[in-house]
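The next block holds one structure in the form of structure tokens; read it before the comments.
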Amino acid sequence: MFYRLAGVHHTRYETARALWPIPADRKQVIVAGLIALVAPFFLSTLYLGSYMLPWLIWSSAALSLTLLMGMAGQLHFGFASVMAIGAYTSIHLARLGIPFELALIGAGAMSAVIGTVFGAAALRVKGLYLVIATLAMQYLVDWVIINVPAISGGAQATLRTPEVSFLLFPIESLTSRYYLALGWAALLAVFLMNVKRTSFGRALTAIRDKDFAAAVIGVDPFRYKLMAFFTSSFMGGVTGAMLAFCFYRAVTPEQFSFNVSIQLVAMVLVGGLGSVIGGFLGAAFVLLIPIVLTNFVAGLAASGWLAISSNLLAHVPLMIYGALIIGFLLLEPLGLAKIYDNTRKYFLVWPFRHSRS
Amino acid sequence: MGAPTNGDRSPVLVCDNVSRWFGGLHALKHVNISVAKGEVFGLVGPNGSGKTTLVNAITGFYPPQEGKILFEGRQINGLKPYRIAETGIARTFQNVALFKGMSVLDNILMGRHIYMKPNPLASLFYWWWAKKEEIAHRKKVEAVIDLLQLESVRDEHVDVIPLGLQKRVELARALSAEPRLLVLDEPMAGMNQEEKEYMVRFILDAQEALGLTVLIIEHHMDVVTAICDRILVLNNGSMIAEGPPREAIADPQVVEAYIGKQRDAA
Ligand SMILES: Nc1ncnc2c1ncn2[C@@H]1O[C@H](COP(=O)(O)OP(=O)(O)O)[C@@H](O)[C@H]1O
Ligand SMILES: [Mg+2]
């Protein structure tokens with residue numbers, strides 16, 4: 001077998017808390033990383049630009065949101081607006097001639113500040129009201145962007161991203177944009193794994209699981225929820241900028257509409273709350289649905305089995321996201337990541353049935 | 001454990017005329033206690049007599065509307081629970097309140113929170129910033145795991161281990177905060193005789209090893225008489241007896257309170 005748990009025994013605290021304590025997992029990550037690194041050399045432009053690149057960026061978005069939703073347990077139905085703030089901020093900063101690296105940080109900071117203000121308001125309330133408060137953020141931010149020409153560039157305007165370079169590399173060719181997105185996704189993945197193994201992550205999980213028990217050992221629930229909003233929004237803002245500069249290259253408000261927020265929630269839930277691998281799986285799943293579906297229905301229509309209007313077809317993916325969110329919540333709240341983990345454990349201990357890792 | 005208090009030991013915890021209402025219900029009526037350093041102080045009384053309410057008042061969940069609570073001479077009523085935790089008080093709950101999504105180890109590590117400096121940048125730069133701190137606190141926690149004999153379940157998820165062990169993990173979480181006052185709300189509820197004996201042993205070991213003062217709510221009278229230096233008996237929120245356990249329990253009012261409850265229940 002490829003996987004073995006046998007003989008893995010940690011004698012030092014560091015190695016027990018390594019990112020991938022099991023050699024088999026380590027090998028798998030190295031292989032995946034190598035494939036991602038050489039992808040531009042063997043993938044066609046179509047696959048690299050229309051599948052891999054958006055997948056990496058949306059995975060980054062899902063990872064950003066899962067810190068808040070999965071680890072800290074705070075629902076957010078307006079995360080697309082957080083990304084919009086980052087996207088617009090970065091474009092305006094870059095247009096002002098500010099170096100792209102700083103523009104990215106500025107994008108994160110702007111999203112973090114505005115996201116935290118809304119978070120603070122939202123935290124006065126709980127549960128369903130939190131959802132409504134985050135929805136309010138979505139609509140308010142949308143409204144402001146559309147109605148302030150200085151931000152959107154005028155009604156129904158499209159803002160093109162200026163030419164920039166990152167650490168002296170021009171971000172122009174597909175390959176360079178791909179590597180930048182890959183680097184950001186990898187950074188977020190490592191960050192989240194580090195959060196999980198440090199006191200910050202434990203404090204977030206503690207307030208999610210039992211806020212009064214967290215308080216009794218010294219965690220200030222409000223402060224940590226705000227920190228979760230801040231961190232998550234910062235990541236989301238930079239991801240919004242990545243989306244603008246690496247993928248769309250021209251932004252309009254519709255790219256960050258409420259539908260997108262729903263897709264992000266679906267990615268996090270389908271992938272598995274708080275899971276890093278789940279962020280990648282969830283994003284892939286949600287991105288592939290409309291493609292698979294369109295091909296499937298088009299196939300049916302072509303063979304004369306089914307007549308379906310293109311108008312209805314456009315709405316089917318949204319209905320499927322809704323069904324998926326509910327389905328995963330009811331049947332497998334831990335999402336695809338759990339299914340992946342079960343499979344992994346099965347092979348780790350094969351031919352035995354149970355493992356403890 | 002030791003001789004009953006004598007005057008030269010300074011009080012660690014003082015409740016002065018503490019009252020608490022829930023709506024019209026007067027759940028704590030002018031309660032006074034003074035717990036000396038190193039003492040094991042028991043809170044006893046029939047169900048619904050206000051024991052948990054007193055503990056909730058001390059730990060800041062339901063601050064008293066009247067009266068004062070002093071910890072090591074400093075007034076703590078009015079402070080938020082997380083501030084009270086920082087002053088050196090740790091507690092367990094009557095109904096186990098562990099973090100379900102975490103392993104046993106991570107739950108106990110949470111007890112170190114007040115000594116750590118959690119922040120996202122420290123996590124981002126783990127290798128240069130957080131790693132050393134994590135390992136240092138892991139060592140402290142391992143000592144507690146050792147003391148409470150939790151090695152075998154260290155890496156399990158807390159929700160898959162039996163209730164008796166969960167209570168022990170909760171005790172470990174409280175102990176790893178290195179409190180000077182440990183508050184235990186029915187730590188042996190739902191345990192069999194053997195588990196109870198273990199728990200008594202662990203509490204006494206910990207008290208001795210860490211020089212703790214302990215405030216314990218306990219139903220089992222055998223346990224109370226075995227480990228408490230003094231007890232307070234509450235009934236309907238009022239203090240009805242106080243003193244060394246055997247004497248307090250023999251007080252006619254206490255006997256009446258318990259028998260009265262049984263009569264009501266019958
Ligand atoms: N949060 C609360 N809201 C309303 N009533 C409460 C609350 N907590 C406790 N009580 C009431 O206060 C009284 C004392 O309860 P409690 O302190 O839990 O008793 P004990 O721990 O001694 O069994 C009970 O009558 C209980 O119903
Ligand atoms: Mg109680």
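Following the order of the structure tokens, chains are lettered A, B, ..., residues in each are numbered from 1, and ligands are numbered from 1.
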What residues have any atom no more than 10 Å from ligand 2 when counting only C-alpha atoms and all ligand atoms, and can you list them as a PDB file with all heavy atoms, in the first residue's frame?
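For reference, selection.pdb as written:
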ATOM      1  N   VAL B  44     -22.711  22.387  50.331  1.00  0.00           N
ATOM      2  CA  VAL B  44     -23.627  21.266  50.395  1.00  0.00           C
ATOM      3  C   VAL B  44     -25.039  21.814  50.475  1.00  0.00           C
ATOM      4  O   VAL B  44     -25.245  22.956  50.895  1.00  0.00           O
ATOM      5  CB  VAL B  44     -23.297  20.403  51.644  1.00  0.00           C
ATOM      6  CG1 VAL B  44     -24.263  19.246  51.800  1.00  0.00           C
ATOM      7  CG2 VAL B  44     -21.866  19.895  51.559  1.00  0.00           C
ATOM      8  N   GLY B  45     -25.988  20.984  50.069  1.00  0.00           N
ATOM      9  CA  GLY B  45     -27.381  21.401  50.175  1.00  0.00           C
ATOM     10  C   GLY B  45     -28.233  20.649  49.184  1.00  0.00           C
ATOM     11  O   GLY B  45     -27.711  20.131  48.189  1.00  0.00           O
ATOM     12  N   PRO B  46     -29.533  20.575  49.437  1.00  0.00           N
ATOM     13  CA  PRO B  46     -30.427  19.842  48.521  1.00  0.00           C
ATOM     14  C   PRO B  46     -30.419  20.488  47.133  1.00  0.00           C
ATOM     15  O   PRO B  46     -29.954  21.618  46.976  1.00  0.00           O
ATOM     16  CB  PRO B  46     -31.806  19.992  49.165  1.00  0.00           C
ATOM     17  CG  PRO B  46     -31.590  20.543  50.528  1.00  0.00           C
ATOM     18  CD  PRO B  46     -30.249  21.177  50.572  1.00  0.00           C
ATOM     19  N   ASN B  47     -30.954  19.785  46.160  1.00  0.00           N
ATOM     20  CA  ASN B  47     -31.056  20.312  44.799  1.00  0.00           C
ATOM     21  C   ASN B  47     -31.799  21.626  44.771  1.00  0.00           C
ATOM     22  O   ASN B  47     -32.808  21.784  45.441  1.00  0.00           O
ATOM     23  CB  ASN B  47     -31.801  19.316  43.905  1.00  0.00           C
ATOM     24  CG  ASN B  47     -30.830  18.481  43.118  1.00  0.00           C
ATOM     25  OD1 ASN B  47     -29.739  18.964  42.794  1.00  0.00           O
ATOM     26  ND2 ASN B  47     -31.205  17.250  42.823  1.00  0.00           N
ATOM     27  N   GLY B  48     -31.287  22.567  44.010  1.00  0.00           N
ATOM     28  CA  GLY B  48     -31.975  23.850  43.878  1.00  0.00           C
ATOM     29  C   GLY B  48     -31.751  24.779  45.050  1.00  0.00           C
ATOM     30  O   GLY B  48     -32.424  25.793  45.180  1.00  0.00           O
ATOM     31  N   SER B  49     -30.775  24.470  45.905  1.00  0.00           N
ATOM     32  CA  SER B  49     -30.578  25.304  47.090  1.00  0.00           C
ATOM     33  C   SER B  49     -29.686  26.511  46.800  1.00  0.00           C
ATOM     34  O   SER B  49     -29.512  27.362  47.662  1.00  0.00           O
ATOM     35  CB  SER B  49     -29.993  24.468  48.229  1.00  0.00           C
ATOM     36  OG  SER B  49     -28.787  23.873  47.822  1.00  0.00           O
ATOM     37  N   GLY B  50     -29.091  26.577  45.608  1.00  0.00           N
ATOM     38  CA  GLY B  50     -28.324  27.773  45.258  1.00  0.00           C
ATOM     39  C   GLY B  50     -26.822  27.580  45.208  1.00  0.00           C
ATOM     40  O   GLY B  50     -26.077  28.547  45.094  1.00  0.00           O
ATOM     41  N   LYS B  51     -26.372  26.332  45.257  1.00  0.00           N
ATOM     42  CA  LYS B  51     -24.922  26.078  45.265  1.00  0.00           C
ATOM     43  C   LYS B  51     -24.284  26.539  43.955  1.00  0.00           C
ATOM     44  O   LYS B  51     -23.296  27.285  43.953  1.00  0.00           O
ATOM     45  CB  LYS B  51     -24.649  24.567  45.476  1.00  0.00           C
ATOM     46  CG  LYS B  51     -25.316  23.979  46.699  1.00  0.00           C
ATOM     47  CD  LYS B  51     -25.011  22.522  46.894  1.00  0.00           C
ATOM     48  CE  LYS B  51     -25.543  21.601  45.803  1.00  0.00           C
ATOM     49  NZ  LYS B  51     -27.027  21.523  45.764  1.00  0.00           N
ATOM     50  N   THR B  52     -24.853  26.091  42.834  1.00  0.00           N
ATOM     51  CA  THR B  52     -24.306  26.492  41.537  1.00  0.00           C
ATOM     52  C   THR B  52     -24.429  27.998  41.346  1.00  0.00           C
ATOM     53  O   THR B  52     -23.537  28.642  40.787  1.00  0.00           O
ATOM     54  CB  THR B  52     -25.029  25.734  40.406  1.00  0.00           C
ATOM     55  OG1 THR B  52     -24.812  24.329  40.595  1.00  0.00           O
ATOM     56  CG2 THR B  52     -24.513  26.137  39.046  1.00  0.00           C
ATOM     57  N   THR B  53     -25.519  28.553  41.850  1.00  0.00           N
ATOM     58  CA  THR B  53     -25.704  30.000  41.721  1.00  0.00           C
ATOM     59  C   THR B  53     -24.593  30.760  42.445  1.00  0.00           C
ATOM     60  O   THR B  53     -24.083  31.761  41.940  1.00  0.00           O
ATOM     61  CB  THR B  53     -27.082  30.408  42.277  1.00  0.00           C
ATOM     62  OG1 THR B  53     -28.075  29.641  41.600  1.00  0.00           O
ATOM     63  CG2 THR B  53     -27.348  31.880  42.061  1.00  0.00           C
ATOM     64  N   LEU B  54     -24.188  30.262  43.604  1.00  0.00           N
ATOM     65  CA  LEU B  54     -23.099  30.915  44.333  1.00  0.00           C
ATOM     66  C   LEU B  54     -21.801  30.844  43.528  1.00  0.00           C
ATOM     67  O   LEU B  54     -21.058  31.823  43.409  1.00  0.00           O
ATOM     68  CB  LEU B  54     -22.916  30.263  45.707  1.00  0.00           C
ATOM     69  CG  LEU B  54     -21.822  30.876  46.583  1.00  0.00           C
ATOM     70  CD1 LEU B  54     -22.086  32.354  46.828  1.00  0.00           C
ATOM     71  CD2 LEU B  54     -21.699  30.138  47.912  1.00  0.00           C
ATOM     72  N   VAL B  55     -21.549  29.658  42.953  1.00  0.00           N
ATOM     73  CA  VAL B  55     -20.346  29.499  42.129  1.00  0.00           C
ATOM     74  C   VAL B  55     -20.406  30.402  40.900  1.00  0.00           C
ATOM     75  O   VAL B  55     -19.414  31.015  40.508  1.00  0.00           O
ATOM     76  CB  VAL B  55     -20.194  28.004  41.747  1.00  0.00           C
ATOM     77  CG1 VAL B  55     -19.269  27.848  40.570  1.00  0.00           C
ATOM     78  CG2 VAL B  55     -19.695  27.214  42.945  1.00  0.00           C
ATOM     79  N   ASN B  56     -21.597  30.513  40.305  1.00  0.00           N
ATOM     80  CA  ASN B  56     -21.749  31.404  39.149  1.00  0.00           C
ATOM     81  C   ASN B  56     -21.548  32.858  39.535  1.00  0.00           C
ATOM     82  O   ASN B  56     -21.092  33.667  38.722  1.00  0.00           O
ATOM     83  CB  ASN B  56     -23.130  31.221  38.515  1.00  0.00           C
ATOM     84  CG  ASN B  56     -23.187  29.982  37.642  1.00  0.00           C
ATOM     85  OD1 ASN B  56     -22.153  29.480  37.202  1.00  0.00           O
ATOM     86  ND2 ASN B  56     -24.379  29.472  37.398  1.00  0.00           N
ATOM     87  N   PHE B  93     -17.643  22.566  35.513  1.00  0.00           N
ATOM     88  CA  PHE B  93     -19.092  22.744  35.484  1.00  0.00           C
ATOM     89  C   PHE B  93     -19.805  21.461  35.903  1.00  0.00           C
ATOM     90  O   PHE B  93     -19.289  20.356  35.720  1.00  0.00           O
ATOM     91  CB  PHE B  93     -19.540  23.136  34.073  1.00  0.00           C
ATOM     92  CG  PHE B  93     -19.089  24.518  33.673  1.00  0.00           C
ATOM     93  CD1 PHE B  93     -17.825  24.716  33.127  1.00  0.00           C
ATOM     94  CD2 PHE B  93     -19.908  25.614  33.874  1.00  0.00           C
ATOM     95  CE1 PHE B  93     -17.401  25.988  32.770  1.00  0.00           C
ATOM     96  CE2 PHE B  93     -19.491  26.888  33.521  1.00  0.00           C
ATOM     97  CZ  PHE B  93     -18.235  27.076  32.971  1.00  0.00           C
ATOM     98  N   GLN B  94     -21.019  21.675  36.423  1.00  0.00           N
ATOM     99  CA  GLN B  94     -21.832  20.525  36.833  1.00  0.00           C
ATOM    100  C   GLN B  94     -22.116  19.617  35.629  1.00  0.00           C
ATOM    101  O   GLN B  94     -21.959  18.408  35.709  1.00  0.00           O
ATOM    102  CB  GLN B  94     -23.141  21.052  37.432  1.00  0.00           C
ATOM    103  CG  GLN B  94     -24.016  19.991  38.035  1.00  0.00           C
ATOM    104  CD  GLN B  94     -25.156  20.611  38.850  1.00  0.00           C
ATOM    105  OE1 GLN B  94     -25.183  21.812  39.088  1.00  0.00           O
ATOM    106  NE2 GLN B  94     -26.088  19.785  39.263  1.00  0.00           N
ATOM    107  N   ASN B  95     -22.526  20.243  34.520  1.00  0.00           N
ATOM    108  CA  ASN B  95     -22.653  19.486  33.276  1.00  0.00           C
ATOM    109  C   ASN B  95     -21.390  19.764  32.481  1.00  0.00           C
ATOM    110  O   ASN B  95     -21.103  20.909  32.169  1.00  0.00           O
ATOM    111  CB  ASN B  95     -23.863  19.955  32.483  1.00  0.00           C
ATOM    112  CG  ASN B  95     -25.116  19.926  33.328  1.00  0.00           C
ATOM    113  OD1 ASN B  95     -25.413  18.923  33.962  1.00  0.00           O
ATOM    114  ND2 ASN B  95     -25.809  21.049  33.385  1.00  0.00           N
ATOM    115  N   ASP B 185     -17.780  22.061  40.577  1.00  0.00           N
ATOM    116  CA  ASP B 185     -19.226  21.904  40.736  1.00  0.00           C
ATOM    117  C   ASP B 185     -19.601  20.446  40.487  1.00  0.00           C
ATOM    118  O   ASP B 185     -19.672  20.004  39.341  1.00  0.00           O
ATOM    119  CB  ASP B 185     -19.960  22.846  39.769  1.00  0.00           C
ATOM    120  CG  ASP B 185     -21.442  22.969  40.100  1.00  0.00           C
ATOM    121  OD1 ASP B 185     -21.938  22.152  40.901  1.00  0.00           O
ATOM    122  OD2 ASP B 185     -22.097  23.874  39.554  1.00  0.00           O
ATOM    123  N   GLU B 186     -19.830  19.725  41.544  1.00  0.00           N
ATOM    124  CA  GLU B 186     -20.183  18.302  41.484  1.00  0.00           C
ATOM    125  C   GLU B 186     -19.266  17.499  40.564  1.00  0.00           C
ATOM    126  O   GLU B 186     -19.715  16.915  39.580  1.00  0.00           O
ATOM    127  CB  GLU B 186     -21.645  18.130  41.053  1.00  0.00           C
ATOM    128  CG  GLU B 186     -22.579  18.913  41.976  1.00  0.00           C
ATOM    129  CD  GLU B 186     -24.003  18.378  41.987  1.00  0.00           C
ATOM    130  OE1 GLU B 186     -24.214  17.243  41.526  1.00  0.00           O
ATOM    131  OE2 GLU B 186     -24.886  19.096  42.479  1.00  0.00           O
ATOM    132  N   ILE B 217     -18.512  21.748  45.340  1.00  0.00           N
ATOM    133  CA  ILE B 217     -19.908  21.373  45.554  1.00  0.00           C
ATOM    134  C   ILE B 217     -19.974  19.856  45.437  1.00  0.00           C
ATOM    135  O   ILE B 217     -19.489  19.301  44.451  1.00  0.00           O
ATOM    136  CB  ILE B 217     -20.825  21.992  44.474  1.00  0.00           C
ATOM    137  CG1 ILE B 217     -20.746  23.506  44.522  1.00  0.00           C
ATOM    138  CG2 ILE B 217     -22.254  21.506  44.654  1.00  0.00           C
ATOM    139  CD1 ILE B 217     -21.620  24.200  43.480  1.00  0.00           C
ATOM    140  N   GLU B 218     -20.516  19.211  46.444  1.00  0.00           N
ATOM    141  CA  GLU B 218     -20.535  17.758  46.365  1.00  0.00           C
ATOM    142  C   GLU B 218     -21.765  17.199  47.069  1.00  0.00           C
ATOM    143  O   GLU B 218     -22.166  17.672  48.118  1.00  0.00           O
ATOM    144  CB  GLU B 218     -19.242  17.177  46.974  1.00  0.00           C
ATOM    145  CG  GLU B 218     -19.036  15.710  46.760  1.00  0.00           C
ATOM    146  CD  GLU B 218     -19.353  15.244  45.347  1.00  0.00           C
ATOM    147  OE1 GLU B 218     -18.691  15.699  44.402  1.00  0.00           O
ATOM    148  OE2 GLU B 218     -20.271  14.409  45.187  1.00  0.00           O
ATOM    149  N   HIS B 219     -22.349  16.166  46.426  1.00  0.00           N
ATOM    150  CA  HIS B 219     -23.538  15.534  46.978  1.00  0.00           C
ATOM    151  C   HIS B 219     -23.217  14.362  47.879  1.00  0.00           C
ATOM    152  O   HIS B 219     -23.926  14.081  48.826  1.00  0.00           O
ATOM    153  CB  HIS B 219     -24.424  15.013  45.834  1.00  0.00           C
ATOM    154  CG  HIS B 219     -25.506  15.962  45.471  1.00  0.00           C
ATOM    155  ND1 HIS B 219     -26.326  16.526  46.410  1.00  0.00           N
ATOM    156  CD2 HIS B 219     -25.911  16.455  44.283  1.00  0.00           C
ATOM    157  CE1 HIS B 219     -27.189  17.323  45.813  1.00  0.00           C
ATOM    158  NE2 HIS B 219     -26.950  17.307  44.522  1.00  0.00           N
TER     159      HIS B 219
END
| What residues in chain B have any atom no more than 8 Å from chain A when counting only C-alpha atoms, and can you write them as a ChimeraX atom specification? | /B:59,81-86,90-91,97-102,106,110-111,113-114,116-120,123-124,126,130,134-135,138,155-156,174,177
Using N, CA and C atoms, can you export the residues from the last selection as an mmCIF file, in the first residue's frame?
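out28.cif was written with the following content:
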data_model
loop_
_atom_site.group_PDB
_atom_site.id
_atom_site.type_symbol
_atom_site.label_atom_id
_atom_site.label_comp_id
_atom_site.auth_asym_id
_atom_site.auth_seq_id
_atom_site.Cartn_x
_atom_site.Cartn_y
_atom_site.Cartn_z
ATOM 1 N N THR B 59 -17.691 33.258 39.872
ATOM 2 C CA THR B 59 -16.941 33.221 38.618
ATOM 3 C C THR B 59 -17.463 34.230 37.587
ATOM 4 N N PRO B 81 -16.354 37.282 33.384
ATOM 5 C CA PRO B 81 -15.771 35.964 33.688
ATOM 6 C C PRO B 81 -14.318 35.806 33.225
ATOM 7 N N TYR B 82 -13.985 36.322 32.011
ATOM 8 C CA TYR B 82 -12.617 36.092 31.544
ATOM 9 C C TYR B 82 -11.604 36.890 32.341
ATOM 10 N N ARG B 83 -12.048 37.999 32.928
ATOM 11 C CA ARG B 83 -11.154 38.766 33.803
ATOM 12 C C ARG B 83 -10.940 38.022 35.119
ATOM 13 N N ILE B 84 -12.021 37.433 35.618
ATOM 14 C CA ILE B 84 -11.917 36.688 36.870
ATOM 15 C C ILE B 84 -10.977 35.506 36.682
ATOM 16 N N ALA B 85 -11.059 34.876 35.496
ATOM 17 C CA ALA B 85 -10.137 33.770 35.215
ATOM 18 C C ALA B 85 -8.693 34.248 35.319
ATOM 19 N N GLU B 86 -8.446 35.461 34.819
ATOM 20 C CA GLU B 86 -7.069 35.989 34.844
ATOM 21 C C GLU B 86 -6.571 36.252 36.260
ATOM 22 N N ALA B 90 -10.114 29.101 38.651
ATOM 23 C CA ALA B 90 -10.546 28.210 37.568
ATOM 24 C C ALA B 90 -11.671 27.345 38.100
ATOM 25 N N ARG B 91 -12.537 26.899 37.205
ATOM 26 C CA ARG B 91 -13.669 26.088 37.676
ATOM 27 C C ARG B 91 -14.009 24.981 36.683
ATOM 28 N N ALA B 97 -18.526 20.842 30.419
ATOM 29 C CA ALA B 97 -18.502 21.878 29.381
ATOM 30 C C ALA B 97 -17.150 21.871 28.688
ATOM 31 N N LEU B 98 -16.907 20.802 27.911
ATOM 32 C CA LEU B 98 -15.654 20.726 27.157
ATOM 33 C C LEU B 98 -15.892 21.255 25.748
ATOM 34 N N PHE B 99 -14.801 21.490 25.024
ATOM 35 C CA PHE B 99 -14.913 21.941 23.643
ATOM 36 C C PHE B 99 -14.978 20.704 22.756
ATOM 37 N N LYS B 100 -16.166 20.452 22.243
ATOM 38 C CA LYS B 100 -16.433 19.181 21.569
ATOM 39 C C LYS B 100 -15.600 18.957 20.317
ATOM 40 N N GLY B 101 -15.282 20.060 19.646
ATOM 41 C CA GLY B 101 -14.559 19.905 18.391
ATOM 42 C C GLY B 101 -13.069 19.680 18.556
ATOM 43 N N MET B 102 -12.599 19.532 19.790
ATOM 44 C CA MET B 102 -11.149 19.462 20.007
ATOM 45 C C MET B 102 -10.746 18.148 20.655
ATOM 46 N N ASP B 106 -5.913 19.382 23.219
ATOM 47 C CA ASP B 106 -6.211 20.783 22.919
ATOM 48 C C ASP B 106 -7.127 21.394 23.970
ATOM 49 N N MET B 110 -6.141 24.602 26.336
ATOM 50 C CA MET B 110 -6.929 25.826 26.495
ATOM 51 C C MET B 110 -6.757 26.415 27.884
ATOM 52 N N GLY B 111 -6.497 25.564 28.851
ATOM 53 C CA GLY B 111 -6.270 26.058 30.207
ATOM 54 C C GLY B 111 -5.083 27.002 30.295
ATOM 55 N N HIS B 113 -4.467 29.311 28.205
ATOM 56 C CA HIS B 113 -4.766 30.511 27.417
ATOM 57 C C HIS B 113 -4.281 31.801 28.069
ATOM 58 N N ILE B 114 -4.545 31.946 29.376
ATOM 59 C CA ILE B 114 -4.228 33.234 30.014
ATOM 60 C C ILE B 114 -2.730 33.514 30.043
ATOM 61 N N MET B 116 -0.754 32.669 27.423
ATOM 62 C CA MET B 116 -0.259 32.700 26.048
ATOM 63 C C MET B 116 -0.666 34.012 25.385
ATOM 64 N N LYS B 117 -0.051 34.267 24.235
ATOM 65 C CA LYS B 117 -0.372 35.509 23.533
ATOM 66 C C LYS B 117 -0.872 35.175 22.141
ATOM 67 N N PRO B 118 -2.108 34.693 22.068
ATOM 68 C CA PRO B 118 -2.607 34.248 20.767
ATOM 69 C C PRO B 118 -2.796 35.424 19.825
ATOM 70 N N ASN B 119 -2.282 35.314 18.636
ATOM 71 C CA ASN B 119 -2.624 36.285 17.602
ATOM 72 C C ASN B 119 -2.276 35.705 16.239
ATOM 73 N N PRO B 120 -2.992 36.196 15.220
ATOM 74 C CA PRO B 120 -2.839 35.590 13.891
ATOM 75 C C PRO B 120 -1.417 35.690 13.338
ATOM 76 N N SER B 123 0.676 32.963 14.604
ATOM 77 C CA SER B 123 0.362 31.713 13.908
ATOM 78 C C SER B 123 1.001 31.684 12.531
ATOM 79 N N LEU B 124 0.931 32.823 11.817
ATOM 80 C CA LEU B 124 1.495 32.886 10.468
ATOM 81 C C LEU B 124 2.993 32.580 10.506
ATOM 82 N N TYR B 126 4.682 30.864 12.555
ATOM 83 C CA TYR B 126 4.745 29.820 13.574
ATOM 84 C C TYR B 126 6.165 29.451 13.982
ATOM 85 N N ALA B 130 5.640 31.344 17.298
ATOM 86 C CA ALA B 130 4.714 30.648 18.194
ATOM 87 C C ALA B 130 5.251 29.311 18.708
ATOM 88 N N GLU B 134 4.406 27.366 22.179
ATOM 89 C CA GLU B 134 3.545 26.187 22.155
ATOM 90 C C GLU B 134 4.201 25.013 22.893
ATOM 91 N N ILE B 135 5.483 24.823 22.624
ATOM 92 C CA ILE B 135 6.162 23.673 23.224
ATOM 93 C C ILE B 135 6.312 23.856 24.733
ATOM 94 N N ARG B 138 3.038 23.121 26.190
ATOM 95 C CA ARG B 138 2.761 21.698 26.053
ATOM 96 C C ARG B 138 3.417 20.920 27.193
ATOM 97 N N ASP B 155 -4.827 11.954 22.706
ATOM 98 C CA ASP B 155 -5.094 12.355 21.328
ATOM 99 C C ASP B 155 -6.520 12.061 20.857
ATOM 100 N N GLU B 156 -7.350 11.560 21.775
ATOM 101 C CA GLU B 156 -8.736 11.275 21.375
ATOM 102 C C GLU B 156 -9.540 12.570 21.287
ATOM 103 N N ALA B 174 -8.838 22.916 34.019
ATOM 104 C CA ALA B 174 -8.826 23.925 35.083
ATOM 105 C C ALA B 174 -7.456 23.964 35.760
ATOM 106 N N ALA B 177 -4.469 25.796 34.193
ATOM 107 C CA ALA B 177 -4.448 27.255 34.316
ATOM 108 C C ALA B 177 -3.681 27.681 35.566
#
| query | When DSSP works through the backbone of this structure, what residues of stretch 2-189 of chain B end up as strand (DSSP E), shown as a PyMOL selection string? | reply | chain B and resi 11-22+25-36+40-44+66-71+74-75+89-91+181-185
| said: With only C-alpha atoms as the counted atoms, please give the residues lying no more than 10 Å from stretch 94-103 of chain A, apart from itself and same-chain residues fewer than 3 positions off, as a list in words. | reply: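 That gives Gly86, Ala87, Tyr88, Thr89, Ser90, Ile91, Gly106, Ala107, Gly108, Ala109, Arg160, Thr161, Pro162, Glu163, Val164, Ser165, Phe166, Leu167, Leu168, Ile171, Val238, Ala241 and Phe245 of chain A.
What separates atom CA of B:Ser176 from atom CA of B:Leu105 is a distance of 11.1 Å.
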Can you tell me, as a tab-separated table (two decimals) with N, CA, C and O atoms, in the first residue's frame, what residues are no more than 8 Å from B:Ala241 when counting only C-alpha atoms, ignoring any on the same chain fewer than 4 positions away?
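Result file follows (around-v6.tsv):
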chain	number	residue	atom	x	y	z
B	232	LEU	N	-20.27	24.56	54.02
B	232	LEU	CA	-21.42	25.46	54.22
B	232	LEU	C	-22.62	24.71	53.67
B	232	LEU	O	-22.58	24.17	52.57
B	233	VAL	N	-23.70	24.66	54.47
B	233	VAL	CA	-24.92	24.03	53.98
B	233	VAL	C	-25.91	25.12	53.61
B	233	VAL	O	-26.19	26.03	54.40
B	234	LEU	N	-26.40	25.03	52.36
B	234	LEU	CA	-27.39	25.98	51.88
B	234	LEU	C	-28.74	25.29	51.77
B	234	LEU	O	-28.83	24.10	51.49
B	248	ALA	N	-21.56	19.98	60.93
B	248	ALA	CA	-22.54	20.72	60.14
B	248	ALA	C	-23.65	19.80	59.64
B	248	ALA	O	-24.82	20.16	59.64
B	249	ILE	N	-23.25	18.60	59.23
B	249	ILE	CA	-24.26	17.69	58.68
B	249	ILE	C	-25.22	17.21	59.76
B	249	ILE	O	-26.39	16.94	59.49
B	251	ASP	N	-26.34	18.96	62.14
B	251	ASP	CA	-27.20	20.06	62.59
B	251	ASP	C	-28.67	19.74	62.30
B	251	ASP	O	-29.02	19.32	61.19
B	253	GLN	N	-31.20	21.51	61.63
B	253	GLN	CA	-31.77	22.20	60.46
B	253	GLN	C	-31.39	21.51	59.16
B	253	GLN	O	-32.16	21.49	58.20
B	254	VAL	N	-30.14	21.00	59.13
B	254	VAL	CA	-29.67	20.32	57.91
B	254	VAL	C	-30.44	19.02	57.73
B	254	VAL	O	-30.91	18.70	56.63
| task | May I have all residues of stretch 42-261 of chain B that DSSP, computed from the backbone, assigns to helix (DSSP H, G or I), given as a VMD selection string? | result | chain B and resid 51 to 58 81 to 87 104 to 110 113 to 115 120 to 124 126 to 129 131 to 147 151 to 153 158 to 160 163 to 175 193 to 210 221 to 227 245 to 250 252 to 261
| remark: Of B:Gly67, B:Gly237, B:Gly164, B:Gly73, the one nearest to ligand 1 when counting only C-alpha atoms and all ligand atoms is B:Gly237
